[in-house]
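One file, upload-v4.txt, is given below (compact mmCIF, C-alpha atoms).
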```
# COMPACT_ATOMS: atom_id res chain seq x y z
CA MET A 1 252.26 -48.90 140.89
CA ILE A 2 249.12 -49.06 138.75
CA TYR A 3 248.83 -46.82 135.69
CA VAL A 4 245.85 -46.17 133.40
CA MET A 5 246.43 -44.75 129.92
CA GLY A 6 243.94 -43.27 127.48
CA ASP A 7 243.56 -44.09 123.78
CA ILE A 8 246.89 -44.30 121.95
CA HIS A 9 245.35 -44.23 118.44
CA GLY A 10 248.56 -45.50 116.91
CA ASP A 11 250.56 -42.40 117.93
CA ILE A 12 253.92 -43.93 118.81
CA GLN A 13 255.53 -40.56 119.64
CA ARG A 14 252.96 -39.67 122.29
CA TYR A 15 253.04 -43.22 123.62
CA ASN A 16 256.84 -43.20 123.94
CA SER A 17 256.67 -39.79 125.62
CA ILE A 18 254.38 -41.19 128.32
CA MET A 19 256.39 -44.39 128.73
CA THR A 20 259.56 -42.36 129.30
CA LYS A 21 257.86 -40.27 131.98
CA ILE A 22 256.28 -43.11 133.95
CA ASN A 23 259.38 -45.34 133.67
CA LEU A 24 257.58 -48.63 134.25
CA LYS A 25 259.18 -51.18 136.55
CA SER A 26 258.69 -54.94 136.34
CA GLU A 27 256.27 -54.89 139.28
CA ASP A 28 254.12 -52.09 137.80
CA LYS A 29 250.97 -52.58 135.73
CA LEU A 30 249.71 -50.46 132.85
CA TYR A 31 246.10 -50.60 131.64
CA VAL A 32 245.18 -49.04 128.27
CA LEU A 33 241.51 -48.15 127.81
CA GLY A 34 241.13 -49.38 124.23
CA ASP A 35 241.66 -47.72 120.83
CA VAL A 36 245.33 -48.60 120.62
CA ILE A 37 244.96 -48.62 116.83
CA ASP A 38 243.76 -46.33 114.00
CA GLY A 39 245.40 -42.99 114.31
CA MET A 40 242.22 -42.85 116.46
CA PRO A 41 240.10 -53.18 127.82
CA TYR A 42 239.23 -53.06 123.89
CA GLY A 43 237.82 -49.96 122.24
CA ASN A 44 235.37 -49.19 119.47
CA HIS A 45 238.21 -49.10 116.90
CA GLU A 46 239.30 -52.65 117.74
CA TYR A 47 235.60 -53.55 117.55
CA MET A 48 235.30 -52.08 114.04
CA MET A 49 238.50 -53.85 113.00
CA LEU A 50 237.29 -57.27 114.13
CA ASN A 51 233.87 -56.78 112.54
CA ALA A 52 235.42 -55.87 109.20
CA ILE A 53 238.04 -58.64 109.19
CA ASN A 54 235.69 -61.38 110.43
CA ASN A 55 233.02 -60.43 107.88
CA PRO A 56 235.01 -59.93 104.65
CA HIS A 57 231.90 -59.97 102.43
CA ASN A 58 230.17 -57.17 104.34
CA SER A 59 231.42 -54.02 102.62
CA SER A 60 229.50 -51.71 104.96
CA LEU A 61 231.51 -52.90 107.98
CA LEU A 62 234.78 -52.32 106.13
CA HIS A 63 233.60 -48.91 104.95
CA LYS A 64 232.69 -47.88 108.51
CA TRP A 65 236.13 -48.87 109.80
CA LEU A 66 237.97 -47.09 106.99
CA GLN A 67 235.87 -43.96 107.55
CA ASN A 68 237.16 -43.95 111.13
CA GLU A 69 240.87 -43.80 110.25
CA GLY A 70 241.32 -47.54 109.75
CA ILE A 71 243.19 -47.40 106.43
CA LEU A 72 246.75 -47.48 107.82
CA THR A 73 245.87 -50.22 110.31
CA LEU A 74 244.33 -52.33 107.53
CA GLU A 75 247.37 -51.86 105.29
CA ASN A 76 249.73 -52.94 108.08
CA PHE A 77 247.50 -55.88 108.98
CA LEU A 78 247.44 -57.13 105.37
CA HIS A 79 251.24 -57.03 105.25
CA GLN A 80 251.39 -59.65 108.01
CA ASP A 81 251.43 -63.38 107.27
CA LYS A 82 248.30 -65.42 107.99
CA VAL A 83 249.65 -66.83 111.26
CA THR A 84 250.39 -63.35 112.62
CA GLN A 85 247.00 -62.05 111.44
CA LYS A 86 245.29 -64.87 113.32
CA LYS A 87 247.29 -64.13 116.48
CA ILE A 88 246.31 -60.46 116.29
CA THR A 89 242.58 -61.08 115.88
CA GLU A 90 242.55 -63.77 118.58
CA TYR A 91 244.37 -61.47 120.99
CA ILE A 92 241.91 -58.64 120.41
CA SER A 93 238.93 -60.99 120.68
CA GLN A 94 240.05 -62.09 124.14
CA MET A 95 240.29 -58.56 125.52
CA PRO A 96 237.74 -57.74 128.25
CA THR A 97 235.35 -54.79 127.85
CA SER A 98 235.89 -53.79 131.50
CA ILE A 99 238.27 -54.46 134.40
CA ASN A 100 237.62 -54.15 138.14
CA LEU A 101 240.47 -53.03 140.41
CA THR A 102 240.96 -52.27 144.09
CA ILE A 103 243.74 -49.74 144.71
CA CYS A 104 244.44 -48.30 148.17
CA GLN A 105 241.03 -49.59 149.34
CA LYS A 106 239.24 -47.78 146.51
CA GLU A 107 237.12 -49.66 143.98
CA TYR A 108 237.57 -48.82 140.29
CA ILE A 109 235.99 -50.00 137.05
CA LEU A 110 238.06 -49.43 133.90
CA PHE A 111 236.39 -49.42 130.49
CA HIS A 112 236.45 -47.64 127.14
CA ALA A 113 233.10 -45.83 126.86
CA ALA A 114 230.40 -47.03 129.30
CA PRO A 115 230.28 -49.54 132.18
CA PRO A 116 228.47 -52.87 131.68
CA GLU A 117 226.56 -52.16 134.91
CA LEU A 118 224.88 -49.16 133.28
CA PHE A 119 223.60 -51.34 130.44
CA LYS A 120 222.15 -53.81 132.94
CA LYS A 121 220.67 -51.05 135.11
CA GLU A 122 218.86 -49.40 132.21
CA GLN A 123 217.76 -52.77 130.82
CA LEU A 124 218.43 -51.59 127.30
CA THR A 125 217.06 -54.59 125.44
CA THR A 126 217.01 -52.78 122.08
CA THR A 127 220.72 -51.91 122.10
CA ASP A 128 223.56 -54.29 121.31
CA TYR A 129 225.57 -54.82 124.50
CA THR A 130 229.03 -54.58 122.94
CA HIS A 131 228.06 -51.52 120.93
CA PHE A 132 226.70 -49.91 124.09
CA VAL A 133 229.84 -50.38 126.21
CA LEU A 134 232.17 -49.27 123.39
CA TRP A 135 230.25 -46.35 121.83
CA THR A 136 228.09 -44.71 124.52
CA ARG A 137 228.88 -41.10 125.48
CA LEU A 138 228.65 -40.74 129.24
CA LYS A 139 226.93 -37.65 130.62
CA PRO A 140 228.39 -35.87 133.68
CA ASN A 141 225.39 -36.82 135.84
CA ASP A 142 225.02 -40.45 134.75
CA LYS A 143 224.88 -42.55 137.91
CA MET A 144 227.64 -45.11 138.17
CA PRO A 145 227.75 -48.30 140.30
CA LYS A 146 227.56 -47.46 143.99
CA ASP A 147 230.83 -46.96 145.90
CA LYS A 148 232.92 -47.33 142.74
CA THR A 149 234.86 -44.85 140.64
CA VAL A 150 234.78 -45.48 136.89
CA ILE A 151 237.63 -44.52 134.59
CA PHE A 152 236.86 -44.14 130.91
CA ARG A 153 237.87 -42.70 127.53
CA HIS A 154 235.93 -42.18 124.29
CA THR A 155 234.24 -38.88 125.26
CA PRO A 156 236.71 -35.95 125.18
CA THR A 157 237.17 -34.19 128.51
CA GLU A 158 236.34 -30.87 126.83
CA CYS A 159 232.72 -32.07 126.95
CA TYR A 160 232.89 -31.84 130.76
CA GLN A 161 235.26 -28.95 131.46
CA ASN A 162 237.09 -26.01 129.92
CA GLY A 163 240.84 -25.68 129.69
CA ILE A 164 243.66 -25.78 127.15
CA PRO A 165 245.50 -28.07 126.82
CA LEU A 166 242.94 -30.77 127.53
CA HIS A 167 243.41 -32.52 130.88
CA ILE A 168 241.92 -35.35 132.93
CA TRP A 169 238.41 -34.66 134.22
CA TYR A 170 237.25 -35.68 137.72
CA GLY A 171 233.54 -36.11 138.34
CA GLU A 172 231.83 -37.25 141.52
CA ASP A 173 232.09 -40.93 140.66
CA LYS A 174 233.96 -40.94 137.36
CA ILE A 175 237.27 -39.97 135.79
CA GLY A 176 237.43 -39.02 132.11
CA MET A 177 240.77 -39.49 130.35
CA ASP A 178 240.12 -38.66 126.69
CA CYS A 179 242.36 -35.64 126.22
CA GLY A 180 242.06 -35.68 122.44
CA SER A 181 244.95 -37.98 121.58
CA SER A 182 243.37 -38.85 118.20
CA ASN A 183 243.93 -35.21 117.18
CA SER A 184 247.35 -33.82 116.24
CA HIS A 185 246.54 -30.35 117.63
CA LYS A 186 249.03 -29.23 120.29
CA ALA A 187 246.18 -28.74 122.80
CA CYS A 188 245.44 -32.47 122.59
CA LYS A 189 247.42 -34.96 124.67
CA LEU A 190 247.75 -38.60 125.54
CA ALA A 191 247.01 -38.88 129.26
CA CYS A 192 248.08 -41.37 131.90
CA LEU A 193 247.02 -41.57 135.55
CA ARG A 194 248.83 -43.34 138.38
CA LEU A 195 246.03 -44.66 140.57
CA ASP A 196 248.10 -45.17 143.72
CA ASP A 197 248.49 -41.41 144.27
CA ARG A 198 246.49 -39.81 141.39
CA VAL A 199 249.59 -38.33 139.77
CA GLU A 200 248.88 -37.29 136.16
CA PHE A 201 251.19 -37.64 133.15
CA TYR A 202 250.75 -36.07 129.71
CA SER A 203 252.56 -36.57 126.43
CA ASP A 204 254.81 -33.84 125.09
```
This structure in structure tokens:
Amino acid sequence: MIYVMGDIHGDIQRYNSIMTKINLKSEDKLYVLGDVIDGMPYGNHEYMMLNAINNPHNSSLLHKWLQNEGILTLENFLHQDKVTQKKITEYISQMPTSINLTICQKEYILFHAAPPELFKKEQLTTTDYTHFVLWTRLKPNDKMPKDKTVIFRHTPTECYQNGIPLHIWYGEDKIGMDCGSSNSHKACKLACLRLDDRVEFYSD
């Protein structure tokens, strides 16, 4: 079985709740759409973390990360030895910004905020590519690559539909999975979708 999970944002309780419900087997695969860290493929929070750590003399990059709930992540990172710190940054640096999958003869593109194909299609020469795919807010009518369904996070599903608690949103060619997991409000959940049969799971 293939599972896709939204942003964890460092919330171990919600993460464990989902993991208990899906009960992963050794043959299963779980894809997390970035933002594993910061109480908030590779998401914009991992991007801010790498920028701040790899540019220690640029205070504005550090300030931006800390403004976006990066304080606890930074404190935990600094408590690690240099070898572990290097392993962490190298691991994050090697993460892809998108993943293509074929499940039950359906084509999917998994990413955090926006598909690379949209950047190429619009020929946005004035926008940084990495920033575009990790920070862009998709609109409901944005056209996605033909014959593919995109699955993304970053933009809360309440921007596309009503309903409490927040739940997964299905558009014509896209699936939004940001159910507000960076927020502690009871209406906000960590969401997970099993692609084989579209069964949804939500944290307690």
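The coordinates place atom CA of A:Pro56 at 26.8 Å from atom CA of A:Leu33.
Using all atoms listed in the file, the shortest contact distance between A:Asp147 and any of A:Asp81, A:Asp11, A:Asp173, A:Glu117 is found at A:Asp173.
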Atom CA of A:Asp35 to atom CA of A:Ile109, distance in Å rounded to a single decimal: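 That distance, rounded to one decimal, is 17.3 Å.
Comparing A:Lys143, A:Leu62, A:Arg14, A:Ile168 by their smallest distance to A:Val199, the closest is A:Ile168 (using all atoms listed in the file).
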Here atom CA of A:Tyr202 and atom CA of A:Lys189 stand apart by 6.1 Å
With only C-alpha atoms counted, which protein, DNA or RNA residues have an atom no more than 7 Å from (237.2, -51.6, 107.4) in the file frame? Please answer as an mmCIF file with C-alpha atoms, in the frame of the given file.
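Saved the output as part-v9.cif:
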```cif
data_model
loop_
_atom_site.group_PDB
_atom_site.id
_atom_site.type_symbol
_atom_site.label_atom_id
_atom_site.label_comp_id
_atom_site.auth_asym_id
_atom_site.auth_seq_id
_atom_site.Cartn_x
_atom_site.Cartn_y
_atom_site.Cartn_z
ATOM 1 C CA MET A 48 235.300 -52.080 114.040
ATOM 2 C CA MET A 49 238.500 -53.850 113.000
ATOM 3 C CA ALA A 52 235.420 -55.870 109.200
ATOM 4 C CA LEU A 61 231.510 -52.900 107.980
ATOM 5 C CA LEU A 62 234.780 -52.320 106.130
ATOM 6 C CA HIS A 63 233.600 -48.910 104.950
ATOM 7 C CA LYS A 64 232.690 -47.880 108.510
ATOM 8 C CA TRP A 65 236.130 -48.870 109.800
ATOM 9 C CA LEU A 66 237.970 -47.090 106.990
ATOM 10 C CA GLY A 70 241.320 -47.540 109.750
#
```
Top pick for closest residue to A:His154, considering A:Glu172, A:Asp196, A:Asp7, A:Glu27 and counting all atoms listed in the file: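 For A:His154, the nearest of the candidates is A:Asp7.
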Give as a compact mmCIF listing (two decimals) with C-alpha atoms, in the coordinates of the input each residue that has an atom at most 12 Å from (226.3, -50.1, 133.3) in the file, counting all atoms listed in the file.
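So the final result, stored in point28.txt, reads:
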```
# COMPACT_ATOMS: atom_id res chain seq x y z
CA THR A 97 235.35 -54.79 127.85
CA SER A 98 235.89 -53.79 131.50
CA ILE A 109 235.99 -50.00 137.05
CA LEU A 110 238.06 -49.43 133.90
CA PHE A 111 236.39 -49.42 130.49
CA ALA A 113 233.10 -45.83 126.86
CA ALA A 114 230.40 -47.03 129.30
CA PRO A 115 230.28 -49.54 132.18
CA PRO A 116 228.47 -52.87 131.68
CA GLU A 117 226.56 -52.16 134.91
CA LEU A 118 224.88 -49.16 133.28
CA PHE A 119 223.60 -51.34 130.44
CA LYS A 120 222.15 -53.81 132.94
CA LYS A 121 220.67 -51.05 135.11
CA GLU A 122 218.86 -49.40 132.21
CA GLN A 123 217.76 -52.77 130.82
CA LEU A 124 218.43 -51.59 127.30
CA TYR A 129 225.57 -54.82 124.50
CA THR A 130 229.03 -54.58 122.94
CA PHE A 132 226.70 -49.91 124.09
CA VAL A 133 229.84 -50.38 126.21
CA LEU A 134 232.17 -49.27 123.39
CA THR A 136 228.09 -44.71 124.52
CA LEU A 138 228.65 -40.74 129.24
CA ASP A 142 225.02 -40.45 134.75
CA LYS A 143 224.88 -42.55 137.91
CA MET A 144 227.64 -45.11 138.17
CA PRO A 145 227.75 -48.30 140.30
CA LYS A 146 227.56 -47.46 143.99
CA LYS A 148 232.92 -47.33 142.74
CA VAL A 150 234.78 -45.48 136.89
```
Have a look at A:Thr89, A:Pro165, A:His112, A:His57 and name the one nearest to A:Phe77; count all atoms listed in the file. A:Thr89
Which residues are close to A:Asp28, i.e. within 12 Å by only C-alpha atoms, leaving aside same-chain residues fewer than 6 positions away? Reply as a PDB file with C-alpha atoms, in the frame of the given file.
```
ATOM      1  CA  MET A   1     252.260 -48.900 140.890  1.00  0.00           C
ATOM      2  CA  ILE A   2     249.120 -49.060 138.750  1.00  0.00           C
ATOM      3  CA  TYR A   3     248.830 -46.820 135.690  1.00  0.00           C
ATOM      4  CA  VAL A   4     245.850 -46.170 133.400  1.00  0.00           C
ATOM      5  CA  ILE A  22     256.280 -43.110 133.950  1.00  0.00           C
ATOM      6  CA  ARG A 194     248.830 -43.340 138.380  1.00  0.00           C
ATOM      7  CA  LEU A 195     246.030 -44.660 140.570  1.00  0.00           C
ATOM      8  CA  ASP A 196     248.100 -45.170 143.720  1.00  0.00           C
TER       9      ASP A 196
END
```
Among the residues A:Ile151, A:Leu74, A:Met5, A:Leu193, the one that comes closest to A:Leu101 [using all atoms listed in the file]: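 With all atoms listed in the file as the atom set, the closest residue is A:Ile151.
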